[in-house]
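> Please see the structure below; I have some questions.
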Amino acid sequence: MTEGTLVLVLNAGSSSVKYQLIDMLDGSRAAAGLVERIGEPAGRLVHTAADGAERELLGAFPDHTAALDAVAAELAADGLGLDSPRLAAIGHRVVHGGRRFTAPTVVTDEVLAEVRRLIPVAPLHNPANITGIEVARRLRPDLPQVAVFDTAFHTTVPEHAARYAIDRAVADEHRVRRYGFHGTSHRYVSRATARLLGRDPAELNVIVLHLGNGASASAVAGGVCVETSMGLTPLEGLVMGTRSGDVDPGLVFHLHRVGGLTVDEIDDLLNRRSGLLGLCGDNDMREILRRAGEGDQAAQLAFDAYVHRLRKYIGAYYAVLGRVDAIAFTAGVGENAAPVRAAACAGLEALGIEIDAELNSVRSREARVVSPAYARVAVAVVPTDEELEIAQQAFALVRGDT
Ligand code: AMP
């Protein structure tokens, strides 16, 4: 059992590392930062100290080891180096935990081997997450390293919702099923929504709409996730910044056989050149709202397609849940784009879904209700905090609270 109260949260991507040092006594940030362009000649580290002062470090970070060494040096300069006795654990975001990891897990060699075995289903993410863990373990071998999986919250999705209707033997051989992602955010926001409404999560049915550059919806019944929009990969579901979301899988064969595109080209098209970007050339909702406001047809189409898909999912998850108590909007678009929230909920009064235009237009960083008090379904804006959720889960695990 540890005496420290600080948790370092690491989110290692393929060419970046985001970090936050969080004091679990009050959830405050003792430090935060980002290393970008790892492996490129011109890398950059931005470190924010507890008092908000920023330091920028420009230079090459040849690999994740160099990047984390630099992060450790920045933390040490604040008197909170990795050797600090105040550190209780390091929490790692791991994108794919497959079916096995349903909860935060202390990293052992065996856990790491299993995360490595999942690389074929998360080729872009798990390798970077593993590197982050390996480097952190080398720097502090005595400290608990806790993996918190993006997929874990969705492992409760029932089999009939998690299976694709394809040959079971083929699916099993290749671990094909709907895993879902953004789980840490969906979990945090569904619970924060219950807190906001003064309700017990166990008695609340919530549709969570995580609308960032990546976007996903989930249906949470009494605190348990029963359906989510991302699938085998984070490509399924909603229209996103650069990802198509749902398409007819026949599109892939068509583009290959008739269009002559290779599998890699189609992968690139659907993941990086589709969604809002594909429809109108911009993936930033602010820009799309501005252009649509000036009468730009392509931007209007992108907005309408985005909202249409969202409404389809709201309707579908209403049917999945049977009774909906709350709809929670979160992440960059969900927290900030009032017109998206208004359009997503327009005309749904018969379902008990309504938005108060005045409440919806308020700009705030606080969780808030934007539906009228009499509405059957509370529509809420609930800022997500994945780092805090990771820190809380890691801390609870090392303290033996879970
Ligand atoms: P995230 O992935 O959660 O950081 O969300 C990023 C996305 O949020 C950006 O691509 C923007 O489109 C969107 N966003 C951020 N601020 C606003 C805003 N004020 N209005 C509309 N969209 C916003």
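Identifiers in the structure tokens: chain A, B, ... in order shown; residue index from 1 per chain; ligand index from 1 in order shown.
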Let me see if you get this right: every residue at most 12 Å from ligand 1, counting only C-alpha atoms and all ligand atoms, written as a PyMOL selection string.

chain A and resi 182+185+209-216+240-242+275-277+282-290+303+306+329-341+361-365+383-386

> Identify, on the basis of only C-alpha atoms, every residue whose closest approach to region 26-39 of chain A does not exceed 6 Å; exclude the query and any residue fewer than 5 positions from it along the same chain; express the result as a list in words.

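Near neighbours after the sequence-gap exclusion: Ser15, Ser16, Val17, Lys18, Tyr19, Gln20, Leu21, Arg44, Leu45, Val46, His47, Thr48, Ala49, Ala50, Phe61, Pro62 and Asp63 of chain A.
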
> Compare A:Val370, A:Ala344, A:Ala326, A:Ile266 by their minimum atom-to-atom distance to Thr193 (chain A), counting only C-alpha atoms, and give me the closest one.

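Nearest to Thr193 (chain A): A:Ala326.
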
> Figure out the distance between CA of Asp69 (chain A) and CA of Ala88 (chain A), please, to one decimal in Å.

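Result for CA of Ala88 (chain A) versus CA of Asp69 (chain A): 19.0 Å, one decimal.
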
> Just want the 12 Å neighbourhood of Ala373 (chain A), counted on only C-alpha atoms, with same-chain residues fewer than 2 positions away dropped. Output as an MDAnalysis selection string.

chainID A and resid 197 352:356 359 369:371 375:380

> Can you spit out the residues from that selection as an mmCIF file, in the first residue's frame, using N, CA, C and O atoms?


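Final output, saved to again-v2.cif:
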```cif
data_model
loop_
_atom_site.group_PDB
_atom_site.id
_atom_site.type_symbol
_atom_site.label_atom_id
_atom_site.label_comp_id
_atom_site.auth_asym_id
_atom_site.auth_seq_id
_atom_site.Cartn_x
_atom_site.Cartn_y
_atom_site.Cartn_z
ATOM 1 N N LEU A 197 -27.204 15.003 -12.025
ATOM 2 C CA LEU A 197 -28.653 14.923 -11.834
ATOM 3 C C LEU A 197 -29.030 14.498 -10.417
ATOM 4 O O LEU A 197 -30.212 14.365 -10.096
ATOM 5 N N GLY A 352 -39.828 12.745 -25.409
ATOM 6 C CA GLY A 352 -39.480 13.391 -24.135
ATOM 7 C C GLY A 352 -38.166 14.141 -24.210
ATOM 8 O O GLY A 352 -37.616 14.570 -23.199
ATOM 9 N N ILE A 353 -37.637 14.295 -25.429
ATOM 10 C CA ILE A 353 -36.340 14.962 -25.616
ATOM 11 C C ILE A 353 -36.572 16.379 -26.108
ATOM 12 O O ILE A 353 -37.220 16.585 -27.149
ATOM 13 N N GLU A 354 -36.054 17.336 -25.360
ATOM 14 C CA GLU A 354 -36.242 18.734 -25.705
ATOM 15 C C GLU A 354 -35.026 19.521 -25.225
ATOM 16 O O GLU A 354 -34.411 19.151 -24.226
ATOM 17 N N ILE A 355 -34.747 20.626 -25.910
ATOM 18 C CA ILE A 355 -33.624 21.468 -25.488
ATOM 19 C C ILE A 355 -34.134 22.879 -25.229
ATOM 20 O O ILE A 355 -34.986 23.374 -25.962
ATOM 21 N N ASP A 356 -33.632 23.510 -24.179
ATOM 22 C CA ASP A 356 -33.959 24.903 -23.882
ATOM 23 C C ASP A 356 -32.898 25.756 -24.595
ATOM 24 O O ASP A 356 -31.711 25.690 -24.267
ATOM 25 N N LEU A 359 -30.558 27.889 -22.340
ATOM 26 C CA LEU A 359 -29.581 27.081 -21.578
ATOM 27 C C LEU A 359 -28.527 26.499 -22.516
ATOM 28 O O LEU A 359 -27.346 26.439 -22.189
ATOM 29 N N VAL A 369 -27.258 21.027 -17.311
ATOM 30 C CA VAL A 369 -28.445 20.515 -17.991
ATOM 31 C C VAL A 369 -28.916 21.583 -18.977
ATOM 32 O O VAL A 369 -28.941 22.766 -18.635
ATOM 33 N N VAL A 370 -29.250 21.183 -20.200
ATOM 34 C CA VAL A 370 -29.685 22.168 -21.202
ATOM 35 C C VAL A 370 -31.121 21.900 -21.670
ATOM 36 O O VAL A 370 -31.574 22.504 -22.632
ATOM 37 N N SER A 371 -31.810 20.981 -20.976
ATOM 38 C CA SER A 371 -33.208 20.723 -21.315
ATOM 39 C C SER A 371 -34.089 21.461 -20.312
ATOM 40 O O SER A 371 -33.638 21.768 -19.204
ATOM 41 N N ALA A 375 -38.869 18.402 -18.932
ATOM 42 C CA ALA A 375 -38.627 17.365 -19.954
ATOM 43 C C ALA A 375 -38.416 16.003 -19.303
ATOM 44 O O ALA A 375 -37.797 15.885 -18.241
ATOM 45 N N ARG A 376 -38.921 14.963 -19.942
ATOM 46 C CA ARG A 376 -38.800 13.602 -19.402
ATOM 47 C C ARG A 376 -37.348 13.114 -19.468
ATOM 48 O O ARG A 376 -36.892 12.354 -18.625
ATOM 49 N N VAL A 377 -36.645 13.554 -20.498
ATOM 50 C CA VAL A 377 -35.245 13.167 -20.665
ATOM 51 C C VAL A 377 -34.373 14.391 -20.387
ATOM 52 O O VAL A 377 -34.587 15.440 -20.992
ATOM 53 N N ALA A 378 -33.420 14.265 -19.459
ATOM 54 C CA ALA A 378 -32.497 15.379 -19.195
ATOM 55 C C ALA A 378 -31.425 15.373 -20.274
ATOM 56 O O ALA A 378 -30.757 14.361 -20.483
ATOM 57 N N VAL A 379 -31.299 16.481 -20.991
ATOM 58 C CA VAL A 379 -30.199 16.607 -21.949
ATOM 59 C C VAL A 379 -29.104 17.403 -21.250
ATOM 60 O O VAL A 379 -29.369 18.486 -20.715
ATOM 61 N N ALA A 380 -27.891 16.845 -21.223
ATOM 62 C CA ALA A 380 -26.822 17.476 -20.445
ATOM 63 C C ALA A 380 -25.556 17.640 -21.276
ATOM 64 O O ALA A 380 -25.311 16.882 -22.220
#
```

> Considering only C-alpha atoms, can you say which of A:Ala70, A:Val226, A:Ala350, A:Leu196 comes closest to Ala162 (chain A)?

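Closest to Ala162 (chain A) of all the choices is A:Val226.
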
> If we count only C-alpha atoms, what is near Leu80 (chain A) at a cut-off of 12 Å, once residues fewer than 3 positions away on the same chain are taken out, given as a PyMOL selection string?

chain A and resi 4+6-8+20-23+30-32+49-50+71-77+83-87

> Now that the selection is made, can you save its residues with N, CA, C and O atoms as a short mmCIF file (atom, residue, chain, number, x, y, z; two decimals), in the first residue's frame?


```cif
data_model
loop_
_atom_site.label_atom_id
_atom_site.label_comp_id
_atom_site.auth_asym_id
_atom_site.auth_seq_id
_atom_site.Cartn_x
_atom_site.Cartn_y
_atom_site.Cartn_z
N GLY A 4 1.85 7.69 -1.27
CA GLY A 4 1.77 8.80 -2.22
C GLY A 4 0.35 9.03 -2.70
O GLY A 4 -0.51 8.15 -2.62
N LEU A 6 0.02 11.03 -5.76
CA LEU A 6 0.10 11.49 -7.15
C LEU A 6 0.04 10.31 -8.12
O LEU A 6 0.66 9.27 -7.87
N VAL A 7 -0.70 10.49 -9.20
CA VAL A 7 -0.71 9.48 -10.26
C VAL A 7 -0.28 10.17 -11.55
O VAL A 7 -0.83 11.23 -11.91
N LEU A 8 0.71 9.59 -12.22
CA LEU A 8 1.12 10.10 -13.53
C LEU A 8 0.35 9.32 -14.59
O LEU A 8 0.39 8.10 -14.63
N GLN A 20 -0.29 13.74 -17.70
CA GLN A 20 -0.82 14.58 -16.63
C GLN A 20 -0.41 13.97 -15.31
O GLN A 20 -0.46 12.75 -15.14
N LEU A 21 0.01 14.84 -14.40
CA LEU A 21 0.32 14.39 -13.04
C LEU A 21 -0.82 14.90 -12.16
O LEU A 21 -1.03 16.10 -12.04
N ILE A 22 -1.59 13.96 -11.60
CA ILE A 22 -2.82 14.34 -10.92
C ILE A 22 -2.71 13.99 -9.43
O ILE A 22 -2.29 12.89 -9.07
N ASP A 23 -3.08 14.95 -8.59
CA ASP A 23 -3.09 14.71 -7.14
C ASP A 23 -4.47 14.18 -6.75
O ASP A 23 -5.47 14.88 -6.90
N ALA A 30 -0.97 18.57 -10.99
CA ALA A 30 0.33 19.04 -10.52
C ALA A 30 1.22 19.38 -11.70
O ALA A 30 2.18 20.15 -11.56
N ALA A 31 0.92 18.81 -12.87
CA ALA A 31 1.65 19.13 -14.10
C ALA A 31 0.92 18.44 -15.25
O ALA A 31 0.16 17.50 -15.04
N ALA A 32 1.17 18.94 -16.46
CA ALA A 32 0.57 18.32 -17.64
C ALA A 32 1.43 18.67 -18.84
O ALA A 32 2.21 19.63 -18.79
N ALA A 49 3.16 23.67 -15.78
CA ALA A 49 3.34 23.43 -14.35
C ALA A 49 2.03 23.68 -13.61
O ALA A 49 1.05 24.15 -14.19
N ALA A 50 2.04 23.36 -12.31
CA ALA A 50 0.82 23.46 -11.51
C ALA A 50 0.23 24.87 -11.52
O ALA A 50 -0.99 25.05 -11.49
N VAL A 71 10.26 14.17 -20.42
CA VAL A 71 9.11 14.42 -19.54
C VAL A 71 9.56 14.30 -18.08
O VAL A 71 9.25 15.16 -17.24
N ALA A 72 10.33 13.24 -17.79
CA ALA A 72 10.82 13.03 -16.42
C ALA A 72 11.67 14.21 -15.97
O ALA A 72 11.57 14.67 -14.81
N ALA A 73 12.49 14.75 -16.90
CA ALA A 73 13.34 15.90 -16.55
C ALA A 73 12.49 17.14 -16.24
O ALA A 73 12.78 17.89 -15.31
N GLU A 74 11.43 17.34 -17.04
CA GLU A 74 10.54 18.49 -16.80
C GLU A 74 9.85 18.36 -15.44
O GLU A 74 9.71 19.32 -14.70
N LEU A 75 9.39 17.15 -15.15
CA LEU A 75 8.72 16.92 -13.86
C LEU A 75 9.70 17.16 -12.71
O LEU A 75 9.35 17.76 -11.68
N ALA A 76 10.95 16.69 -12.91
CA ALA A 76 11.98 16.86 -11.87
C ALA A 76 12.25 18.35 -11.64
O ALA A 76 12.47 18.77 -10.50
N ALA A 77 12.21 19.13 -12.73
CA ALA A 77 12.46 20.57 -12.60
C ALA A 77 11.37 21.23 -11.74
O ALA A 77 11.60 22.27 -11.12
N ASP A 83 11.23 9.95 -9.34
CA ASP A 83 11.69 9.31 -8.10
C ASP A 83 10.95 9.84 -6.88
O ASP A 83 11.20 9.43 -5.75
N SER A 84 10.00 10.74 -7.11
CA SER A 84 9.29 11.35 -5.98
C SER A 84 8.53 10.29 -5.17
O SER A 84 7.79 9.48 -5.74
N PRO A 85 8.69 10.31 -3.84
CA PRO A 85 7.93 9.37 -3.01
C PRO A 85 6.42 9.68 -3.03
O PRO A 85 5.62 8.87 -2.57
N ARG A 86 6.07 10.83 -3.55
CA ARG A 86 4.64 11.18 -3.61
C ARG A 86 3.90 10.45 -4.73
O ARG A 86 2.68 10.47 -4.81
N LEU A 87 4.69 9.82 -5.62
CA LEU A 87 4.08 9.12 -6.76
C LEU A 87 3.54 7.76 -6.31
O LEU A 87 4.26 6.93 -5.76
#
```

> Excluding Leu139 (chain A) and residues on its chain fewer than 3 positions from it, collect all residues at most 12 Å away from it, counting only C-alpha atoms, and give them as a short mmCIF file (atom, residue, chain, number, x, y, z; two decimals) with N, CA and C atoms, in the first residue's frame.


```
data_model
loop_
_atom_site.label_atom_id
_atom_site.label_comp_id
_atom_site.auth_asym_id
_atom_site.auth_seq_id
_atom_site.Cartn_x
_atom_site.Cartn_y
_atom_site.Cartn_z
N THR A 65 11.60 6.52 -25.57
CA THR A 65 12.48 6.57 -24.40
C THR A 65 12.99 8.00 -24.21
N ALA A 66 13.44 8.61 -25.31
CA ALA A 66 13.94 9.99 -25.23
C ALA A 66 12.82 10.93 -24.80
N LEU A 68 10.11 10.25 -22.98
CA LEU A 68 9.76 10.09 -21.56
C LEU A 68 10.89 10.55 -20.65
N ASP A 69 12.13 10.41 -21.10
CA ASP A 69 13.26 10.97 -20.34
C ASP A 69 13.08 12.48 -20.20
N ALA A 70 12.68 13.13 -21.31
CA ALA A 70 12.48 14.58 -21.29
C ALA A 70 11.32 14.96 -20.39
N VAL A 71 10.26 14.17 -20.42
CA VAL A 71 9.11 14.42 -19.54
C VAL A 71 9.56 14.30 -18.08
N ALA A 72 10.33 13.24 -17.79
CA ALA A 72 10.82 13.03 -16.42
C ALA A 72 11.67 14.21 -15.97
N ALA A 73 12.49 14.75 -16.90
CA ALA A 73 13.34 15.90 -16.55
C ALA A 73 12.49 17.14 -16.24
N GLY A 81 9.92 14.77 -9.73
CA GLY A 81 10.52 13.78 -10.62
C GLY A 81 9.93 12.39 -10.42
N LEU A 82 10.26 11.49 -11.33
CA LEU A 82 9.69 10.15 -11.24
C LEU A 82 10.16 9.42 -9.99
N ASP A 83 11.23 9.95 -9.34
CA ASP A 83 11.69 9.31 -8.10
C ASP A 83 10.95 9.84 -6.88
N ILE A 90 1.67 4.84 -11.98
CA ILE A 90 1.60 5.41 -13.31
C ILE A 90 0.44 4.71 -14.03
N GLY A 132 5.20 2.90 -24.29
CA GLY A 132 5.07 3.81 -23.14
C GLY A 132 5.20 3.06 -21.82
N ILE A 133 4.55 1.90 -21.75
CA ILE A 133 4.60 1.10 -20.52
C ILE A 133 6.03 0.59 -20.27
N GLU A 134 6.65 0.09 -21.32
CA GLU A 134 8.00 -0.48 -21.16
C GLU A 134 9.00 0.58 -20.67
N VAL A 135 8.90 1.76 -21.26
CA VAL A 135 9.83 2.82 -20.86
C VAL A 135 9.55 3.24 -19.42
N ALA A 136 8.29 3.41 -19.08
CA ALA A 136 7.95 3.82 -17.71
C ALA A 136 8.38 2.76 -16.70
N ASP A 142 9.91 -0.20 -9.58
CA ASP A 142 9.27 -0.53 -8.31
C ASP A 142 7.83 -0.02 -8.22
N LEU A 143 7.44 0.86 -9.14
CA LEU A 143 6.14 1.53 -9.02
C LEU A 143 5.06 0.75 -9.79
N PRO A 144 3.83 0.65 -9.23
CA PRO A 144 2.79 -0.04 -10.00
C PRO A 144 2.46 0.72 -11.28
N GLN A 145 2.50 0.00 -12.38
CA GLN A 145 2.08 0.56 -13.66
C GLN A 145 0.71 -0.05 -13.94
#
```

> I need the residues in region 93-330 of chain A that are helix (DSSP H, G or I) according to DSSP; give them as a PyMOL selection string.

chain A and resi 109-117+119-121+126-139+152-156+159-162+168-173+183-197+201-203+250-257+263-272+275-280+285-293+297-321

> I need the chosen residues saved as a JSON list (two decimals), in the first residue's frame, with C-alpha atoms.


```
[["chain", "number", "residue", "atom", "x", "y", "z"],
["A", 109, "ASP", "CA", 5.16, -9.39, -18.09],
["A", 110, "GLU", "CA", 2.18, -11.63, -18.74],
["A", 111, "VAL", "CA", -0.23, -8.67, -19.12],
["A", 112, "LEU", "CA", 2.19, -6.99, -21.49],
["A", 113, "ALA", "CA", 2.42, -10.18, -23.55],
["A", 114, "GLU", "CA", -1.38, -10.28, -23.85],
["A", 115, "VAL", "CA", -1.55, -6.61, -24.91],
["A", 116, "ARG", "CA", 1.10, -7.48, -27.49],
["A", 117, "ARG", "CA", -1.02, -10.40, -28.74],
["A", 119, "ILE", "CA", -1.65, -5.82, -31.85],
["A", 120, "PRO", "CA", -3.30, -7.36, -34.94],
["A", 121, "VAL", "CA", -6.65, -5.83, -33.88],
["A", 126, "ASN", "CA", -1.27, -0.88, -28.96],
["A", 127, "PRO", "CA", 2.41, -0.80, -30.08],
["A", 128, "ALA", "CA", 2.79, 2.81, -28.89],
["A", 129, "ASN", "CA", 0.93, 2.06, -25.64],
["A", 130, "ILE", "CA", 3.26, -0.90, -25.02],
["A", 131, "THR", "CA", 6.34, 1.23, -25.65],
["A", 132, "GLY", "CA", 5.07, 3.81, -23.14],
["A", 133, "ILE", "CA", 4.60, 1.10, -20.52],
["A", 134, "GLU", "CA", 8.00, -0.48, -21.16],
["A", 135, "VAL", "CA", 9.83, 2.82, -20.86],
["A", 136, "ALA", "CA", 7.95, 3.82, -17.71],
["A", 137, "ARG", "CA", 8.70, 0.41, -16.16],
["A", 138, "ARG", "CA", 12.39, 0.87, -16.87],
["A", 139, "LEU", "CA", 12.33, 4.32, -15.28],
["A", 152, "ALA", "CA", -12.97, -2.27, -20.90],
["A", 153, "PHE", "CA", -16.23, -0.38, -20.31],
["A", 154, "HIS", "CA", -17.73, -2.06, -23.37],
["A", 155, "THR", "CA", -17.00, -5.66, -22.38],
["A", 156, "THR", "CA", -20.50, -5.79, -20.85],
["A", 159, "GLU", "CA", -23.14, -11.06, -27.24],
["A", 160, "HIS", "CA", -26.03, -10.36, -29.63],
["A", 161, "ALA", "CA", -24.92, -6.73, -29.89],
["A", 162, "ALA", "CA", -21.19, -7.46, -29.97],
["A", 168, "ARG", "CA", -18.79, -17.65, -36.25],
["A", 169, "ALA", "CA", -15.75, -19.80, -36.92],
["A", 170, "VAL", "CA", -14.18, -17.10, -39.09],
["A", 171, "ALA", "CA", -15.04, -14.43, -36.52],
["A", 172, "ASP", "CA", -13.53, -16.47, -33.68],
["A", 173, "GLU", "CA", -10.39, -17.35, -35.60],
["A", 183, "GLY", "CA", -14.75, 3.53, -23.02],
["A", 184, "THR", "CA", -12.92, 5.54, -20.38],
["A", 185, "SER", "CA", -14.79, 8.65, -21.51],
["A", 186, "HIS", "CA", -18.16, 6.89, -21.75],
["A", 187, "ARG", "CA", -17.73, 5.51, -18.24],
["A", 188, "TYR", "CA", -16.65, 8.84, -16.77],
["A", 189, "VAL", "CA", -19.41, 10.83, -18.48],
["A", 190, "SER", "CA", -22.20, 8.38, -17.66],
["A", 191, "ARG", "CA", -21.27, 8.58, -13.97],
["A", 192, "ALA", "CA", -20.73, 12.36, -14.04],
["A", 193, "THR", "CA", -24.20, 12.71, -15.59],
["A", 194, "ALA", "CA", -25.72, 10.76, -12.69],
["A", 195, "ARG", "CA", -23.85, 13.03, -10.25],
["A", 196, "LEU", "CA", -25.07, 16.14, -12.07],
["A", 197, "LEU", "CA", -28.65, 14.92, -11.83],
["A", 201, "PRO", "CA", -25.79, 5.60, -11.67],
["A", 202, "ALA", "CA", -27.36, 2.20, -10.98],
["A", 203, "GLU", "CA", -30.83, 3.60, -11.63],
["A", 250, "GLY", "CA", -19.67, -3.65, -50.13],
["A", 251, "LEU", "CA", -18.17, -0.21, -50.70],
["A", 252, "VAL", "CA", -14.75, -1.67, -49.98],
["A", 253, "PHE", "CA", -15.11, -4.35, -52.69],
["A", 254, "HIS", "CA", -16.52, -1.79, -55.11],
["A", 255, "LEU", "CA", -13.64, 0.64, -54.63],
["A", 256, "HIS", "CA", -11.17, -2.21, -55.00],
["A", 257, "ARG", "CA", -12.71, -4.05, -57.98],
["A", 263, "VAL", "CA", -6.70, -2.09, -49.49],
["A", 264, "ASP", "CA", -4.25, 0.41, -47.99],
["A", 265, "GLU", "CA", -5.69, 3.22, -50.11],
["A", 266, "ILE", "CA", -9.23, 2.36, -49.01],
["A", 267, "ASP", "CA", -8.07, 2.21, -45.39],
["A", 268, "ASP", "CA", -6.55, 5.68, -45.78],
["A", 269, "LEU", "CA", -9.68, 6.98, -47.53],
["A", 270, "LEU", "CA", -12.12, 5.78, -44.88],
["A", 271, "ASN", "CA", -9.97, 6.61, -41.84],
["A", 272, "ARG", "CA", -8.23, 9.83, -42.85],
["A", 275, "GLY", "CA", -16.21, 12.04, -42.48],
["A", 276, "LEU", "CA", -16.64, 15.81, -42.27],
["A", 277, "LEU", "CA", -13.31, 16.33, -44.06],
["A", 278, "GLY", "CA", -14.37, 14.15, -46.98],
["A", 279, "LEU", "CA", -17.77, 15.80, -47.29],
["A", 280, "CYS", "CA", -16.63, 19.42, -47.23],
["A", 285, "MET", "CA", -16.79, 21.80, -36.58],
["A", 286, "ARG", "CA", -16.10, 25.49, -35.84],
["A", 287, "GLU", "CA", -15.07, 26.04, -39.44],
["A", 288, "ILE", "CA", -18.03, 24.03, -40.75],
["A", 289, "LEU", "CA", -20.49, 26.08, -38.68],
["A", 290, "ARG", "CA", -18.90, 29.30, -39.91],
["A", 291, "ARG", "CA", -18.99, 28.22, -43.56],
["A", 292, "ALA", "CA", -22.54, 26.87, -43.33],
["A", 293, "GLY", "CA", -23.59, 30.18, -41.75],
["A", 297, "GLN", "CA", -23.55, 24.16, -49.49],
["A", 298, "ALA", "CA", -20.83, 21.56, -48.90],
["A", 299, "ALA", "CA", -20.39, 22.61, -45.27],
["A", 300, "GLN", "CA", -24.17, 22.51, -44.79],
["A", 301, "LEU", "CA", -24.30, 19.00, -46.25],
["A", 302, "ALA", "CA", -21.48, 17.85, -43.93],
["A", 303, "PHE", "CA", -23.33, 19.30, -40.91],
["A", 304, "ASP", "CA", -26.62, 17.70, -41.98],
["A", 305, "ALA", "CA", -25.03, 14.28, -42.61],
["A", 306, "TYR", "CA", -23.27, 14.46, -39.21],
["A", 307, "VAL", "CA", -26.49, 15.33, -37.39],
["A", 308, "HIS", "CA", -28.57, 12.80, -39.33],
["A", 309, "ARG", "CA", -26.29, 9.94, -38.24],
["A", 310, "LEU", "CA", -26.37, 11.18, -34.67],
["A", 311, "ARG", "CA", -30.17, 11.21, -34.66],
["A", 312, "LYS", "CA", -30.27, 7.67, -36.06],
["A", 313, "TYR", "CA", -28.13, 6.51, -33.15],
["A", 314, "ILE", "CA", -30.20, 8.40, -30.58],
["A", 315, "GLY", "CA", -33.30, 6.67, -31.93],
["A", 316, "ALA", "CA", -31.62, 3.27, -32.03],
["A", 317, "TYR", "CA", -30.28, 3.54, -28.48],
["A", 318, "TYR", "CA", -33.65, 4.73, -27.25],
["A", 319, "ALA", "CA", -35.05, 1.43, -28.51],
["A", 320, "VAL", "CA", -32.12, -0.54, -27.04],
["A", 321, "LEU", "CA", -32.62, 1.03, -23.60]]
```

> Using only C-alpha atoms, find the one residue out of A:Gly260, A:Pro104, A:Gly59, A:Gly198 that sits nearest to Asp401 (chain A).

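Nearest candidate to Asp401 (chain A) out of A:Gly260, A:Pro104, A:Gly59, A:Gly198: A:Pro104.
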
> Can you tell me, as a PyMOL selection string, what residues are no more than 8 Å from Asp246 (chain A) when counting only C-alpha atoms, ignoring any on the same chain fewer than 4 positions away?

chain A and resi 235-239

> Which residue is closest to Ser229 (chain A)? Choose from A:Val157, A:Gly295, A:Ala367, A:Gly97 and count only C-alpha atoms.

A:Val157

> One decimal, in Å: what's the spacing between CA of Glu227 (chain A) and CA of Ala103 (chain A)?

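These two atoms are separated by 17.6 Å.
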
> Give the strand (DSSP E) residues of region 119-188 of chain A, as DSSP finds them on the backbone, and put them as a PyMOL selection string.

chain A and resi 145-149

> Take the residues that were just selected and, keeping N, CA, C and O atoms, output them as a PDB file, in the first residue's frame.


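selection12.pdb, freshly written:
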```
ATOM      1  N   GLN A 145       2.500  -0.003 -12.375  1.00  0.00           N
ATOM      2  CA  GLN A 145       2.083   0.558 -13.661  1.00  0.00           C
ATOM      3  C   GLN A 145       0.715  -0.053 -13.935  1.00  0.00           C
ATOM      4  O   GLN A 145       0.564  -1.265 -13.959  1.00  0.00           O
ATOM      5  N   VAL A 146      -0.282   0.800 -14.133  1.00  0.00           N
ATOM      6  CA  VAL A 146      -1.647   0.303 -14.292  1.00  0.00           C
ATOM      7  C   VAL A 146      -2.137   0.595 -15.709  1.00  0.00           C
ATOM      8  O   VAL A 146      -2.082   1.740 -16.162  1.00  0.00           O
ATOM      9  N   ALA A 147      -2.576  -0.444 -16.380  1.00  0.00           N
ATOM     10  CA  ALA A 147      -3.143  -0.271 -17.719  1.00  0.00           C
ATOM     11  C   ALA A 147      -4.644  -0.060 -17.594  1.00  0.00           C
ATOM     12  O   ALA A 147      -5.332  -0.827 -16.915  1.00  0.00           O
ATOM     13  N   VAL A 148      -5.145   1.008 -18.224  1.00  0.00           N
ATOM     14  CA  VAL A 148      -6.585   1.278 -18.244  1.00  0.00           C
ATOM     15  C   VAL A 148      -7.014   1.226 -19.709  1.00  0.00           C
ATOM     16  O   VAL A 148      -6.506   1.974 -20.545  1.00  0.00           O
ATOM     17  N   PHE A 149      -7.924   0.303 -19.992  1.00  0.00           N
ATOM     18  CA  PHE A 149      -8.229  -0.030 -21.385  1.00  0.00           C
ATOM     19  C   PHE A 149      -9.445   0.729 -21.915  1.00  0.00           C
ATOM     20  O   PHE A 149     -10.483   0.797 -21.245  1.00  0.00           O
TER      21      PHE A 149
END
```

> Here is a test: counting only C-alpha atoms, which residue of A:Leu261, A:Val9, A:Leu232, A:Phe395 is nearest to Gly91 (chain A)?

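Between A:Leu261, A:Val9, A:Leu232, A:Phe395, the residue approaching Gly91 (chain A) most closely is A:Val9.
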